[in-house]
$ cat start24.cif   # mmCIF, C-alpha atoms (C1' of nucleotides)
data_upload
#
loop_
_atom_site.label_atom_id
_atom_site.label_comp_id
_atom_site.auth_asym_id
_atom_site.auth_seq_id
_atom_site.Cartn_x
_atom_site.Cartn_y
_atom_site.Cartn_z
CA MET A 86 -51.64 -37.28 -50.97
CA THR A 87 -51.12 -40.70 -49.50
CA LYS A 88 -48.98 -42.80 -51.73
CA PRO A 89 -50.38 -46.20 -52.64
CA THR A 90 -48.57 -49.31 -51.55
CA TYR A 91 -48.34 -52.70 -53.21
CA THR A 92 -51.03 -55.33 -53.15
CA SER A 93 -50.28 -58.73 -51.72
CA ASP A 94 -50.74 -60.16 -55.20
CA GLN A 95 -48.09 -57.86 -56.57
CA GLU A 96 -45.76 -58.82 -53.76
CA ARG A 97 -46.41 -62.46 -54.34
CA LEU A 98 -45.97 -62.40 -58.08
CA ALA A 99 -42.77 -60.40 -57.67
CA ARG A 100 -41.55 -63.04 -55.23
CA PHE A 101 -42.13 -65.80 -57.75
CA ALA A 102 -40.54 -63.78 -60.53
CA LYS A 103 -37.53 -62.93 -58.42
CA ALA A 104 -36.94 -66.59 -57.67
CA MET A 105 -37.07 -67.27 -61.39
CA GLY A 106 -34.75 -64.39 -62.18
CA HIS A 107 -31.54 -66.32 -62.62
CA PRO A 108 -30.45 -68.68 -65.40
CA THR A 109 -29.41 -71.33 -62.92
CA ARG A 110 -32.81 -71.34 -61.30
CA ILE A 111 -34.62 -71.44 -64.62
CA ALA A 112 -32.43 -74.39 -65.57
CA ILE A 113 -33.36 -76.10 -62.31
CA LEU A 114 -37.05 -75.49 -62.90
CA ASN A 115 -36.77 -76.75 -66.46
CA PHE A 116 -35.08 -79.85 -65.20
CA LEU A 117 -37.59 -80.52 -62.45
CA ALA A 118 -40.52 -79.78 -64.71
CA GLN A 119 -39.42 -82.53 -67.07
CA ARG A 120 -38.12 -85.23 -64.79
CA ASN A 121 -39.53 -87.65 -62.34
CA GLU A 122 -36.22 -88.46 -60.76
CA CYS A 123 -34.72 -85.36 -59.27
CA TYR A 124 -32.03 -85.84 -56.66
CA PHE A 125 -29.68 -83.09 -55.73
CA GLY A 126 -26.81 -84.85 -57.48
CA ASP A 127 -28.72 -85.08 -60.74
CA ILE A 128 -29.43 -81.38 -60.60
CA HIS A 129 -25.86 -80.54 -59.73
CA ASP A 130 -24.63 -82.57 -62.68
CA GLU A 131 -26.71 -80.40 -64.98
CA LEU A 132 -25.15 -77.20 -63.77
CA PRO A 133 -21.76 -75.53 -64.22
CA ILE A 134 -21.46 -74.40 -60.62
CA ALA A 135 -20.29 -75.63 -57.23
CA LYS A 136 -22.62 -77.74 -55.14
CA ALA A 137 -22.70 -75.15 -52.38
CA THR A 138 -24.09 -72.69 -54.89
CA VAL A 139 -26.59 -75.19 -56.25
CA SER A 140 -27.81 -75.81 -52.73
CA GLN A 141 -28.21 -72.08 -52.29
CA HIS A 142 -30.29 -71.70 -55.43
CA LEU A 143 -32.45 -74.64 -54.42
CA THR A 144 -33.06 -73.00 -51.07
CA GLU A 145 -34.23 -69.84 -52.78
CA LEU A 146 -36.63 -71.71 -55.01
CA LYS A 147 -37.88 -73.58 -51.98
CA ASP A 148 -38.32 -70.41 -49.94
CA ALA A 149 -40.26 -68.88 -52.80
CA GLY A 150 -42.47 -71.95 -52.75
CA LEU A 151 -41.78 -73.11 -56.29
CA ILE A 152 -40.15 -76.37 -55.32
CA GLN A 153 -39.98 -78.69 -52.37
CA GLY A 154 -37.39 -81.10 -51.11
CA THR A 155 -37.61 -84.32 -49.14
CA ILE A 156 -34.79 -86.15 -47.48
CA GLN A 157 -34.26 -89.72 -48.64
CA PRO A 158 -31.02 -90.67 -46.92
CA PRO A 159 -28.42 -90.29 -47.99
CA LYS A 160 -29.97 -88.32 -50.83
CA VAL A 161 -32.34 -85.42 -51.13
CA LYS A 162 -35.16 -85.44 -53.61
CA TYR A 163 -36.44 -82.22 -55.10
CA CYS A 164 -39.53 -81.50 -57.13
CA ILE A 165 -41.92 -78.83 -58.26
CA ASN A 166 -44.36 -77.68 -55.61
CA ARG A 167 -47.51 -78.33 -57.60
CA GLU A 168 -49.80 -76.17 -55.57
CA ASN A 169 -47.71 -73.02 -55.76
CA TRP A 170 -46.65 -73.85 -59.28
CA ASN A 171 -50.26 -73.58 -60.34
CA ILE A 172 -50.73 -70.38 -58.42
CA ALA A 173 -47.66 -68.88 -60.07
CA ARG A 174 -48.86 -69.98 -63.48
CA SER A 175 -52.23 -68.31 -62.95
CA MET A 176 -50.67 -65.11 -61.70
CA PHE A 177 -48.23 -64.75 -64.57
CA SER A 178 -50.95 -65.69 -66.99
CA ALA A 179 -53.32 -63.10 -65.55
CA LEU A 180 -50.76 -60.34 -65.85
CA PHE A 181 -49.89 -61.17 -69.41
CA GLU A 182 -53.49 -61.58 -70.50
CA ASP A 183 -54.33 -58.25 -68.95
CA CYS A 184 -52.47 -56.45 -71.66
CA LYS A 185 -53.41 -58.83 -74.42
CA ASP A 186 -57.06 -58.16 -73.78
CA HIS A 187 -57.42 -54.47 -74.05
CA ASN A 188 -57.67 -52.70 -77.35
CA SER A 189 -54.34 -52.57 -79.03
CA ASN A 190 -55.18 -49.56 -81.16
CA THR A 191 -55.53 -47.20 -78.25
CA CYS A 192 -52.55 -48.49 -76.35
CA CYS A 193 -49.89 -45.84 -75.98
CA CYS A 194 -46.55 -45.84 -77.82
CA LYS A 195 -48.15 -47.18 -80.91
CA MET B 248 -16.90 -84.18 -67.51
CA THR B 249 -17.77 -80.95 -69.24
CA LYS B 250 -20.34 -79.05 -67.29
CA PRO B 251 -23.35 -77.88 -69.27
CA THR B 252 -24.04 -74.22 -69.63
CA TYR B 253 -27.32 -72.36 -69.99
CA THR B 254 -29.36 -72.14 -73.14
CA SER B 255 -30.16 -68.75 -74.60
CA ASP B 256 -33.80 -69.43 -73.82
CA GLN B 257 -32.99 -69.97 -70.19
CA GLU B 258 -30.98 -66.79 -70.13
CA ARG B 259 -33.74 -64.87 -71.79
CA LEU B 260 -36.52 -66.13 -69.58
CA ALA B 261 -34.41 -65.43 -66.51
CA ARG B 262 -33.87 -61.91 -67.80
CA PHE B 263 -37.61 -61.33 -68.10
CA ALA B 264 -38.26 -62.86 -64.71
CA LYS B 265 -35.56 -60.83 -63.08
CA ALA B 266 -37.06 -57.63 -64.42
CA MET B 267 -40.38 -58.70 -62.95
CA GLY B 268 -38.83 -59.61 -59.65
CA HIS B 269 -39.74 -56.50 -57.71
CA PRO B 270 -43.13 -55.32 -56.42
CA THR B 271 -42.61 -51.87 -57.88
CA ARG B 272 -41.99 -53.27 -61.31
CA ILE B 273 -44.95 -55.61 -61.13
CA ALA B 274 -47.06 -52.62 -60.14
CA ILE B 275 -45.73 -50.71 -63.13
CA LEU B 276 -46.49 -53.59 -65.48
CA ASN B 277 -49.97 -53.95 -64.00
CA PHE B 278 -50.54 -50.28 -64.54
CA LEU B 279 -49.26 -50.25 -68.10
CA ALA B 280 -51.12 -53.42 -68.98
CA GLN B 281 -54.40 -51.79 -68.04
CA ARG B 282 -54.02 -48.23 -69.22
CA ASN B 283 -53.83 -46.42 -72.47
CA GLU B 284 -52.46 -43.24 -71.00
CA CYS B 285 -49.16 -43.90 -69.35
CA TYR B 286 -46.95 -40.93 -68.72
CA PHE B 287 -44.14 -41.05 -66.25
CA GLY B 288 -46.03 -38.79 -63.86
CA ASP B 289 -49.05 -41.08 -63.84
CA ILE B 290 -46.85 -44.02 -63.00
CA HIS B 291 -45.01 -42.10 -60.32
CA ASP B 292 -48.32 -41.11 -58.70
CA GLU B 293 -49.17 -44.78 -58.36
CA LEU B 294 -46.01 -45.58 -56.48
CA PRO B 295 -44.76 -44.88 -52.96
CA ILE B 296 -41.21 -44.06 -54.03
CA ALA B 297 -39.09 -41.17 -55.28
CA LYS B 298 -39.16 -40.28 -58.95
CA ALA B 299 -35.47 -41.05 -59.35
CA THR B 300 -36.20 -44.57 -58.22
CA VAL B 301 -39.22 -44.88 -60.48
CA SER B 302 -37.08 -43.79 -63.39
CA GLN B 303 -34.55 -46.44 -62.46
CA HIS B 304 -37.17 -49.19 -62.38
CA LEU B 305 -38.54 -48.06 -65.72
CA THR B 306 -35.07 -48.25 -67.18
CA GLU B 307 -34.73 -51.82 -66.00
CA LEU B 308 -38.02 -52.85 -67.51
CA LYS B 309 -37.01 -51.11 -70.71
CA ASP B 310 -33.60 -52.78 -70.79
CA ALA B 311 -35.26 -56.14 -70.29
CA GLY B 312 -37.49 -55.31 -73.25
CA LEU B 313 -40.80 -55.49 -71.43
CA ILE B 314 -41.70 -51.85 -71.94
CA GLN B 315 -40.76 -48.96 -74.15
CA GLY B 316 -40.76 -45.23 -73.70
CA THR B 317 -41.20 -42.35 -76.11
CA ILE B 318 -40.49 -38.71 -75.44
CA GLN B 319 -43.45 -36.39 -75.87
CA PRO B 320 -42.12 -33.12 -74.55
CA PRO B 321 -42.19 -32.24 -71.85
CA LYS B 322 -43.53 -35.65 -70.91
CA VAL B 323 -42.45 -39.22 -71.46
CA LYS B 324 -44.90 -41.88 -72.46
CA TYR B 325 -44.36 -45.47 -71.47
CA CYS B 326 -46.07 -48.62 -72.59
CA ILE B 327 -45.80 -52.35 -72.85
CA ASN B 328 -43.50 -53.59 -75.58
CA ARG B 329 -45.99 -55.83 -77.31
CA GLU B 330 -43.55 -57.91 -79.24
CA ASN B 331 -41.42 -58.91 -76.28
CA TRP B 332 -44.45 -59.09 -74.05
CA ASN B 333 -45.78 -61.87 -76.23
CA ILE B 334 -42.46 -63.61 -76.27
CA ALA B 335 -42.28 -63.45 -72.49
CA ARG B 336 -45.81 -64.77 -72.19
CA SER B 337 -45.02 -67.75 -74.40
CA MET B 338 -41.84 -68.52 -72.55
CA PHE B 339 -43.39 -68.43 -69.10
CA SER B 340 -46.34 -70.38 -70.38
CA ALA B 341 -44.10 -73.04 -71.92
CA LEU B 342 -42.20 -73.51 -68.69
CA PHE B 343 -45.29 -73.83 -66.59
CA GLU B 344 -47.05 -76.14 -69.00
CA ASP B 345 -44.00 -78.35 -69.11
CA CYS B 346 -44.67 -79.57 -65.63
CA LYS B 347 -48.43 -79.56 -65.94
CA ASP B 348 -48.21 -81.97 -68.82
CA HIS B 349 -46.28 -84.88 -67.50
CA ASN B 350 -47.83 -87.54 -65.37
CA SER B 351 -48.43 -86.31 -61.90
CA ASN B 352 -48.41 -89.74 -60.34
CA THR B 353 -44.79 -90.41 -61.15
CA CYS B 354 -43.55 -86.97 -60.26
CA CYS B 355 -41.14 -87.07 -57.39
CA CYS B 356 -41.92 -85.90 -53.87
CA LYS B 357 -45.49 -86.96 -54.05
"C1'" DA C 1206 -15.18 -97.93 -35.47
"C1'" DT C 1207 -14.02 -96.31 -39.98
"C1'" DT C 1208 -14.82 -94.97 -44.31
"C1'" DG C 1209 -17.60 -93.31 -48.14
"C1'" DT C 1210 -21.53 -90.84 -50.03
"C1'" DT C 1211 -24.60 -87.04 -50.12
"C1'" DG C 1212 -25.87 -82.34 -49.22
"C1'" DT C 1213 -26.04 -78.40 -46.12
"C1'" DT C 1214 -24.02 -74.67 -43.59
"C1'" DC C 1215 -20.37 -71.30 -42.62
"C1'" DG C 1216 -17.38 -67.55 -43.63
"C1'" DC C 1217 -15.92 -64.64 -46.83
"C1'" DA C 1218 -15.37 -61.62 -51.06
"C1'" DA C 1219 -17.03 -59.41 -55.13
"C1'" DA C 1220 -20.70 -57.59 -57.56
"C1'" DA C 1221 -25.37 -56.07 -58.23
"C1'" DT C 1222 -29.66 -54.00 -56.46
"C1'" DT C 1223 -32.43 -50.58 -54.27
"C1'" DA C 1224 -33.29 -45.99 -52.81
"C1'" DC C 1225 -32.74 -41.12 -52.26
"C1'" DG C 1226 -31.75 -36.06 -52.90
"C1'" DA C 1227 -29.49 -32.85 -55.64
"C1'" DA C 1228 -28.22 -31.35 -59.91
"C1'" DC C 1229 -29.08 -31.27 -64.65
"C1'" DA C 1230 -31.41 -31.21 -69.34
"C1'" DT C 1231 -35.35 -30.21 -72.22
"C1'" DT C 1232 -39.35 -28.10 -73.67
"C1'" DT C 1233 -43.30 -24.80 -72.72
"C1'" DA C 1234 -45.11 -20.64 -71.09
"C1'" DT C 1235 -44.61 -16.00 -69.48
"C1'" DA D 1290 -34.70 -13.91 -70.97
"C1'" DT D 1291 -36.97 -16.19 -67.04
"C1'" DA D 1292 -39.49 -19.28 -64.88
"C1'" DA D 1293 -42.21 -23.60 -64.55
"C1'" DA D 1294 -42.94 -28.46 -65.52
"C1'" DT D 1295 -41.23 -33.00 -66.51
"C1'" DG D 1296 -37.92 -36.66 -66.17
"C1'" DT D 1297 -33.14 -38.33 -66.27
"C1'" DT D 1298 -28.56 -38.70 -64.48
"C1'" DC D 1299 -25.12 -38.46 -60.80
"C1'" DG D 1300 -23.16 -39.59 -56.52
"C1'" DT D 1301 -23.68 -42.08 -52.52
"C1'" DA D 1302 -25.13 -45.44 -48.94
"C1'" DA D 1303 -27.21 -49.63 -47.32
"C1'" DT D 1304 -28.55 -54.06 -48.44
"C1'" DT D 1305 -28.84 -58.23 -51.10
"C1'" DT D 1306 -27.16 -61.54 -54.28
"C1'" DT D 1307 -23.94 -64.68 -56.15
"C1'" DG D 1308 -20.26 -67.86 -55.78
"C1'" DC D 1309 -16.74 -70.66 -53.75
"C1'" DG D 1310 -14.01 -73.80 -50.66
"C1'" DA D 1311 -13.80 -75.81 -46.31
"C1'" DA D 1312 -15.99 -77.71 -42.62
"C1'" DC D 1313 -19.74 -80.14 -41.00
"C1'" DA D 1314 -23.91 -83.44 -40.44
"C1'" DA D 1315 -26.43 -87.69 -41.49
"C1'" DC D 1316 -26.70 -92.06 -42.92
"C1'" DA D 1317 -24.90 -96.68 -45.12
"C1'" DA D 1318 -21.71 -100.16 -45.54
"C1'" DT D 1319 -17.83 -102.53 -44.34
#
$ encode --input "start24.cif" --output "structure tokens"
Amino acid sequence: MTKPTYTSDQERLARFAKAMGHPTRIAILNFLAQRNECYFGDIHDELPIAKATVSQHLTELKDAGLIQGTIQPPKVKYCINRENWNIARSMFSALFEDCKDHNSNTCCCK
Amino acid sequence: MTKPTYTSDQERLARFAKAMGHPTRIAILNFLAQRNECYFGDIHDELPIAKATVSQHLTELKDAGLIQGTIQPPKVKYCINRENWNIARSMFSALFEDCKDHNSNTCCCK
DNA sequence: ATTGTTGTTCGCAAAATTACGAACATTTAT
DNA sequence: ATAAATGTTCGTAATTTTGCGAACAACAAT
């Protein structure tokens, strides 16, 4: 009776989701998804928290691969990481479609 | 200089994402999204963790609104909460499309 | 050199998350 | 009435997350 483990896809999707699992980070993603200009200061101005905390949230999003940052002295420019953004979109989409697809009449808890 | 706060949409999406932010819970959602039969025991068998912990994860997914459970003595049946599932899908989709849409050439960090 | 601007890093505290075994509750079967 | 099967709840421990101010680093301008 060997217990199953998680697939790398499940780990990866969970990683994306976890990074998105905070209002501040959703707000940051919303902001970056809509803007072309995206310096740290602009982001900070949009948020009700200390800059140290903003920096922390940005680091998490960056570590998860959803955004990227480039230094443009004395500022730092952030943006969506397109490549991973698309991967995340596909993965979320696939999960949600998975349920949509199958027959709703036989689904449990009806 | 009044600092903005978060919109209810941002809070809600973050809530969904947070619930999805763990491999175990992604595995549960994968399982439920594909099956018609979905008793607690079936879910537990799919996972490498203690039943108390499985129960805890299920509670989180339920509290976030992504799944629902009904008692069918002596078993408990779980399934995707269709209504919120669709809401979550739209919200994730909207966020991801938001970036996809706008002109990639002017996006920062290119 | 000194000052100003922009962000990151450090150190810390409070709160939340994750995980487990043991105990408990509920219903079914004997 | 007892015992078996199925999950939840409780209590606890270890870890992670969240948030802040202060200190620091890097560069620009005077």
$ interface_residues --input "start24.cif" --of "chain A" --to "chain B" --cutoff "7 Å" --atoms "only C-alpha atoms" --output "PyMOL selection string"
chain A and resi 88-91+95-96+99-100+102-103+105-108+111-112+115+118-119+121-123+131-133+155+162-164+174+180-181+183-184+191-194
$ resolve_selection --input "start24.cif" --expression "the PyMOL selection byres ((chain C) within 8 of (chain A))" --output "mmCIF file with C-alpha atoms (C1' of nucleotides), keeping the file's coordinate frame"
data_model
loop_
_atom_site.group_PDB
_atom_site.id
_atom_site.type_symbol
_atom_site.label_atom_id
_atom_site.label_comp_id
_atom_site.auth_asym_id
_atom_site.auth_seq_id
_atom_site.Cartn_x
_atom_site.Cartn_y
_atom_site.Cartn_z
ATOM 1 C "C1'" DT C 1210 -21.530 -90.840 -50.030
ATOM 2 C "C1'" DT C 1211 -24.600 -87.040 -50.120
ATOM 3 C "C1'" DG C 1212 -25.870 -82.340 -49.220
ATOM 4 C "C1'" DT C 1213 -26.040 -78.400 -46.120
#
$ calpha_fit_and_write --input "start24.cif" --fixed "chain B" --moving "chain A" --output "PDB file with C-alpha atoms, in the coordinates of the input"
ATOM      1  CA  MET A  86     -16.913 -84.182 -67.552  1.00  0.00           C
ATOM      2  CA  THR A  87     -17.733 -80.915 -69.219  1.00  0.00           C
ATOM      3  CA  LYS A  88     -20.336 -79.050 -67.293  1.00  0.00           C
ATOM      4  CA  PRO A  89     -23.347 -77.892 -69.278  1.00  0.00           C
ATOM      5  CA  THR A  90     -24.039 -74.213 -69.634  1.00  0.00           C
ATOM      6  CA  TYR A  91     -27.327 -72.378 -69.981  1.00  0.00           C
ATOM      7  CA  THR A  92     -29.358 -72.147 -73.140  1.00  0.00           C
ATOM      8  CA  SER A  93     -30.154 -68.771 -74.601  1.00  0.00           C
ATOM      9  CA  ASP A  94     -33.804 -69.430 -73.818  1.00  0.00           C
ATOM     10  CA  GLN A  95     -32.997 -69.973 -70.179  1.00  0.00           C
ATOM     11  CA  GLU A  96     -30.962 -66.794 -70.124  1.00  0.00           C
ATOM     12  CA  ARG A  97     -33.723 -64.888 -71.783  1.00  0.00           C
ATOM     13  CA  LEU A  98     -36.512 -66.142 -69.585  1.00  0.00           C
ATOM     14  CA  ALA A  99     -34.401 -65.442 -66.509  1.00  0.00           C
ATOM     15  CA  ARG A 100     -33.869 -61.912 -67.799  1.00  0.00           C
ATOM     16  CA  PHE A 101     -37.595 -61.341 -68.105  1.00  0.00           C
ATOM     17  CA  ALA A 102     -38.248 -62.884 -64.710  1.00  0.00           C
ATOM     18  CA  LYS A 103     -35.542 -60.829 -63.069  1.00  0.00           C
ATOM     19  CA  ALA A 104     -37.054 -57.637 -64.423  1.00  0.00           C
ATOM     20  CA  MET A 105     -40.378 -58.713 -62.970  1.00  0.00           C
ATOM     21  CA  GLY A 106     -38.832 -59.628 -59.643  1.00  0.00           C
ATOM     22  CA  HIS A 107     -39.744 -56.530 -57.695  1.00  0.00           C
ATOM     23  CA  PRO A 108     -43.124 -55.334 -56.418  1.00  0.00           C
ATOM     24  CA  THR A 109     -42.600 -51.889 -57.872  1.00  0.00           C
ATOM     25  CA  ARG A 110     -41.973 -53.288 -61.312  1.00  0.00           C
ATOM     26  CA  ILE A 111     -44.946 -55.620 -61.131  1.00  0.00           C
ATOM     27  CA  ALA A 112     -47.057 -52.629 -60.129  1.00  0.00           C
ATOM     28  CA  ILE A 113     -45.724 -50.714 -63.124  1.00  0.00           C
ATOM     29  CA  LEU A 114     -46.494 -53.591 -65.462  1.00  0.00           C
ATOM     30  CA  ASN A 115     -49.968 -53.954 -63.998  1.00  0.00           C
ATOM     31  CA  PHE A 116     -50.543 -50.288 -64.527  1.00  0.00           C
ATOM     32  CA  LEU A 117     -49.271 -50.247 -68.089  1.00  0.00           C
ATOM     33  CA  ALA A 118     -51.121 -53.417 -68.967  1.00  0.00           C
ATOM     34  CA  GLN A 119     -54.408 -51.778 -68.042  1.00  0.00           C
ATOM     35  CA  ARG A 120     -54.021 -48.221 -69.215  1.00  0.00           C
ATOM     36  CA  ASN A 121     -53.833 -46.422 -72.467  1.00  0.00           C
ATOM     37  CA  GLU A 122     -52.484 -43.244 -70.989  1.00  0.00           C
ATOM     38  CA  CYS A 123     -49.184 -43.904 -69.328  1.00  0.00           C
ATOM     39  CA  TYR A 124     -46.949 -40.921 -68.706  1.00  0.00           C
ATOM     40  CA  PHE A 125     -44.139 -41.049 -66.249  1.00  0.00           C
ATOM     41  CA  GLY A 126     -46.030 -38.791 -63.857  1.00  0.00           C
ATOM     42  CA  ASP A 127     -49.054 -41.069 -63.835  1.00  0.00           C
ATOM     43  CA  ILE A 128     -46.849 -44.009 -62.994  1.00  0.00           C
ATOM     44  CA  HIS A 129     -45.010 -42.100 -60.314  1.00  0.00           C
ATOM     45  CA  ASP A 130     -48.298 -41.116 -58.714  1.00  0.00           C
ATOM     46  CA  GLU A 131     -49.163 -44.782 -58.347  1.00  0.00           C
ATOM     47  CA  LEU A 132     -46.009 -45.587 -56.463  1.00  0.00           C
ATOM     48  CA  PRO A 133     -44.730 -44.884 -52.949  1.00  0.00           C
ATOM     49  CA  ILE A 134     -41.197 -44.065 -54.033  1.00  0.00           C
ATOM     50  CA  ALA A 135     -39.088 -41.169 -55.270  1.00  0.00           C
ATOM     51  CA  LYS A 136     -39.162 -40.281 -58.938  1.00  0.00           C
ATOM     52  CA  ALA A 137     -35.473 -41.036 -59.329  1.00  0.00           C
ATOM     53  CA  THR A 138     -36.199 -44.572 -58.208  1.00  0.00           C
ATOM     54  CA  VAL A 139     -39.221 -44.878 -60.472  1.00  0.00           C
ATOM     55  CA  SER A 140     -37.083 -43.792 -63.390  1.00  0.00           C
ATOM     56  CA  GLN A 141     -34.570 -46.448 -62.443  1.00  0.00           C
ATOM     57  CA  HIS A 142     -37.164 -49.203 -62.371  1.00  0.00           C
ATOM     58  CA  LEU A 143     -38.546 -48.064 -65.706  1.00  0.00           C
ATOM     59  CA  THR A 144     -35.068 -48.246 -67.173  1.00  0.00           C
ATOM     60  CA  GLU A 145     -34.710 -51.819 -65.997  1.00  0.00           C
ATOM     61  CA  LEU A 146     -38.010 -52.846 -67.508  1.00  0.00           C
ATOM     62  CA  LYS A 147     -37.011 -51.103 -70.702  1.00  0.00           C
ATOM     63  CA  ASP A 148     -33.599 -52.763 -70.792  1.00  0.00           C
ATOM     64  CA  ALA A 149     -35.258 -56.122 -70.294  1.00  0.00           C
ATOM     65  CA  GLY A 150     -37.473 -55.301 -73.249  1.00  0.00           C
ATOM     66  CA  LEU A 151     -40.795 -55.479 -71.436  1.00  0.00           C
ATOM     67  CA  ILE A 152     -41.703 -51.852 -71.932  1.00  0.00           C
ATOM     68  CA  GLN A 153     -40.776 -48.974 -74.162  1.00  0.00           C
ATOM     69  CA  GLY A 154     -40.770 -45.245 -73.718  1.00  0.00           C
ATOM     70  CA  THR A 155     -41.217 -42.364 -76.126  1.00  0.00           C
ATOM     71  CA  ILE A 156     -40.510 -38.741 -75.471  1.00  0.00           C
ATOM     72  CA  GLN A 157     -43.462 -36.402 -75.901  1.00  0.00           C
ATOM     73  CA  PRO A 158     -42.101 -33.114 -74.601  1.00  0.00           C
ATOM     74  CA  PRO A 159     -42.225 -32.235 -71.906  1.00  0.00           C
ATOM     75  CA  LYS A 160     -43.532 -35.657 -70.941  1.00  0.00           C
ATOM     76  CA  VAL A 161     -42.456 -39.215 -71.490  1.00  0.00           C
ATOM     77  CA  LYS A 162     -44.914 -41.878 -72.475  1.00  0.00           C
ATOM     78  CA  TYR A 163     -44.370 -45.472 -71.468  1.00  0.00           C
ATOM     79  CA  CYS A 164     -46.083 -48.633 -72.590  1.00  0.00           C
ATOM     80  CA  ILE A 165     -45.794 -52.371 -72.839  1.00  0.00           C
ATOM     81  CA  ASN A 166     -43.492 -53.591 -75.580  1.00  0.00           C
ATOM     82  CA  ARG A 167     -46.009 -55.822 -77.309  1.00  0.00           C
ATOM     83  CA  GLU A 168     -43.553 -57.897 -79.230  1.00  0.00           C
ATOM     84  CA  ASN A 169     -41.421 -58.901 -76.269  1.00  0.00           C
ATOM     85  CA  TRP A 170     -44.461 -59.077 -74.048  1.00  0.00           C
ATOM     86  CA  ASN A 171     -45.786 -61.856 -76.228  1.00  0.00           C
ATOM     87  CA  ILE A 172     -42.455 -63.602 -76.270  1.00  0.00           C
ATOM     88  CA  ALA A 173     -42.270 -63.447 -72.483  1.00  0.00           C
ATOM     89  CA  ARG A 174     -45.803 -64.752 -72.180  1.00  0.00           C
ATOM     90  CA  SER A 175     -45.006 -67.730 -74.399  1.00  0.00           C
ATOM     91  CA  MET A 176     -41.822 -68.519 -72.535  1.00  0.00           C
ATOM     92  CA  PHE A 177     -43.386 -68.434 -69.090  1.00  0.00           C
ATOM     93  CA  SER A 178     -46.333 -70.374 -70.390  1.00  0.00           C
ATOM     94  CA  ALA A 179     -44.092 -73.030 -71.914  1.00  0.00           C
ATOM     95  CA  LEU A 180     -42.193 -73.523 -68.687  1.00  0.00           C
ATOM     96  CA  PHE A 181     -45.299 -73.830 -66.595  1.00  0.00           C
ATOM     97  CA  GLU A 182     -47.055 -76.142 -69.021  1.00  0.00           C
ATOM     98  CA  ASP A 183     -44.001 -78.347 -69.118  1.00  0.00           C
ATOM     99  CA  CYS A 184     -44.682 -79.548 -65.633  1.00  0.00           C
ATOM    100  CA  LYS A 185     -48.432 -79.551 -65.952  1.00  0.00           C
ATOM    101  CA  ASP A 186     -48.203 -81.960 -68.837  1.00  0.00           C
ATOM    102  CA  HIS A 187     -46.259 -84.845 -67.527  1.00  0.00           C
ATOM    103  CA  ASN A 188     -47.804 -87.527 -65.406  1.00  0.00           C
ATOM    104  CA  SER A 189     -48.419 -86.277 -61.943  1.00  0.00           C
ATOM    105  CA  ASN A 190     -48.417 -89.713 -60.364  1.00  0.00           C
ATOM    106  CA  THR A 191     -44.800 -90.413 -61.129  1.00  0.00           C
ATOM    107  CA  CYS A 192     -43.551 -86.974 -60.254  1.00  0.00           C
ATOM    108  CA  CYS A 193     -41.179 -87.066 -57.321  1.00  0.00           C
ATOM    109  CA  CYS A 194     -41.995 -85.783 -53.824  1.00  0.00           C
ATOM    110  CA  LYS A 195     -45.497 -87.036 -54.083  1.00  0.00           C
TER     111      LYS A 195
END
$ resolve_selection --input "start24.cif" --expression "the PyMOL selection byres ((chain C and resi 1228) around 9)" --output "MDAnalysis selection string"
(chainID C and resid 1227 1229) or (chainID D and resid 1298:1299)
$ atom_distance --input "start24.cif" --atom1 "C1' of DA1302 in chain D" --atom2 "C1' of DA1224 in chain C"
9.0 Å
$ decode --input "start24.cif" --residues "range 1213-1229 of chain C" --atoms "C-alpha atoms (C1' of nucleotides)" --output "PDB file, in the first residue's frame"
ATOM      1  C1'  DT C1213      16.809  45.689  -0.386  1.00  0.00           C
ATOM      2  C1'  DT C1214      18.182  43.263   3.697  1.00  0.00           C
ATOM      3  C1'  DC C1215      18.191  42.421   8.686  1.00  0.00           C
ATOM      4  C1'  DG C1216      16.175  41.383  13.033  1.00  0.00           C
ATOM      5  C1'  DC C1217      12.300  40.689  15.335  1.00  0.00           C
ATOM      6  C1'  DA C1218       7.384  39.650  16.781  1.00  0.00           C
ATOM      7  C1'  DA C1219       2.826  37.965  15.988  1.00  0.00           C
ATOM      8  C1'  DA C1220      -0.068  35.062  13.571  1.00  0.00           C
ATOM      9  C1'  DA C1221      -1.205  31.397  10.434  1.00  0.00           C
ATOM     10  C1'  DT C1222      -0.166  26.920   8.279  1.00  0.00           C
ATOM     11  C1'  DT C1223       0.913  22.123   8.179  1.00  0.00           C
ATOM     12  C1'  DA C1224       0.981  17.658  10.171  1.00  0.00           C
ATOM     13  C1'  DC C1225       0.109  13.987  13.346  1.00  0.00           C
ATOM     14  C1'  DG C1226      -1.944  10.704  16.810  1.00  0.00           C
ATOM     15  C1'  DA C1227      -5.463  10.111  19.998  1.00  0.00           C
ATOM     16  C1'  DA C1228      -9.960  10.686  21.219  1.00  0.00           C
ATOM     17  C1'  DC C1229     -14.541  11.299  19.836  1.00  0.00           C
TER      18       DC C1229
END
